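A.B. asks: Before anything else, here's the structure in question.
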Amino acid sequence: MTSKLGKGGGCPICGKPVSTEARPFCSPRCKTIDLGRWIDGDYRLPSEDEPDEAEIIDLANHLRSQE
Ligand SMILES: [Zn+2]
């Protein structure tokens with residue numbers, strides 16, 4: 001994973017050079033995409049309290065197959 005920190009990092013959405021008009025994005029379009037992500041809940045923190053259901057089923061099948 002490459003991460004450019006500091007100046008010249010580019011648009012957080014597409015990585016293109018940032019426009020002064022739409023900072024910190026390259027264009028109003030990317031600004032809207034970012035806003036949409038917030039609304040959709042993409043930035044929600046992953047919950048570690050709830051186990052993955054598929055993982056439990058997989059584990060159960062694995063244990064059953066060993067009997
Ligand atoms: Zn962009």
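FYI, nothing fancy with the structure tokens labels: chains A, B, ... in order, residues from 1 per chain, ligands from 1 as they appear.
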Can you tell me, as a PDB file with N, CA and C atoms, in the first residue's frame, what residues are no more than 10 Å from Arg23 (chain A) when counting only C-alpha atoms, ignoring any on the same chain fewer than 6 positions away?
C.D. replies:
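Result file is out-v4.pdb:
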```pdb
ATOM      1  N   GLY A  10      -2.823  14.629  -3.849  1.00  0.00           N
ATOM      2  CA  GLY A  10      -3.844  14.401  -4.858  1.00  0.00           C
ATOM      3  C   GLY A  10      -5.207  14.167  -4.269  1.00  0.00           C
ATOM      4  N   CYS A  11      -6.165  14.001  -5.155  1.00  0.00           N
ATOM      5  CA  CYS A  11      -7.553  13.804  -4.768  1.00  0.00           C
ATOM      6  C   CYS A  11      -7.713  12.490  -4.002  1.00  0.00           C
ATOM      7  N   PRO A  17      -4.490  15.358  -9.474  1.00  0.00           N
ATOM      8  CA  PRO A  17      -4.067  16.610  -8.822  1.00  0.00           C
ATOM      9  C   PRO A  17      -5.261  17.404  -8.312  1.00  0.00           C
ATOM     10  N   CYS A  30     -15.811  14.621  -7.606  1.00  0.00           N
ATOM     11  CA  CYS A  30     -15.221  13.773  -6.575  1.00  0.00           C
ATOM     12  C   CYS A  30     -15.698  14.204  -5.191  1.00  0.00           C
ATOM     13  N   LYS A  31     -15.953  15.497  -5.045  1.00  0.00           N
ATOM     14  CA  LYS A  31     -16.486  16.007  -3.790  1.00  0.00           C
ATOM     15  C   LYS A  31     -17.849  15.371  -3.516  1.00  0.00           C
TER      16      LYS A  31
END
```
A.B. asks: Mind dumping a table of every chain A residue within 6 Å of ligand 1, with the nearest atom pair and its distance in Å to one decimal, using only C-alpha atoms and all ligand atoms, sorted by chain and rising number, as a Markdown table?
C.D. replies:
```
| residue | atom | partner | partner_atom_place_in_ligand_line | distance |
| --- | --- | --- | --- | --- |
| A:Cys11 | CA | ligand 1 | 1 (Zn) | 4.6 |
| A:Ile13 | CA | ligand 1 | 1 (Zn) | 4.9 |
| A:Cys14 | CA | ligand 1 | 1 (Zn) | 4.2 |
| A:Gly15 | CA | ligand 1 | 1 (Zn) | 5.9 |
| A:Lys16 | CA | ligand 1 | 1 (Zn) | 5.4 |
| A:Phe25 | CA | ligand 1 | 1 (Zn) | 5.4 |
| A:Cys26 | CA | ligand 1 | 1 (Zn) | 4.3 |
| A:Ser27 | CA | ligand 1 | 1 (Zn) | 5.8 |
| A:Cys30 | CA | ligand 1 | 1 (Zn) | 4.7 |
```
A.B. asks: Using Å and a single decimal, report how far CA of Asp34 (chain A) sits from CA of Pro12 (chain A).
C.D. replies: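 Calculated distance between CA of Pro12 (chain A) and CA of Asp34 (chain A) is 8.6 Å.
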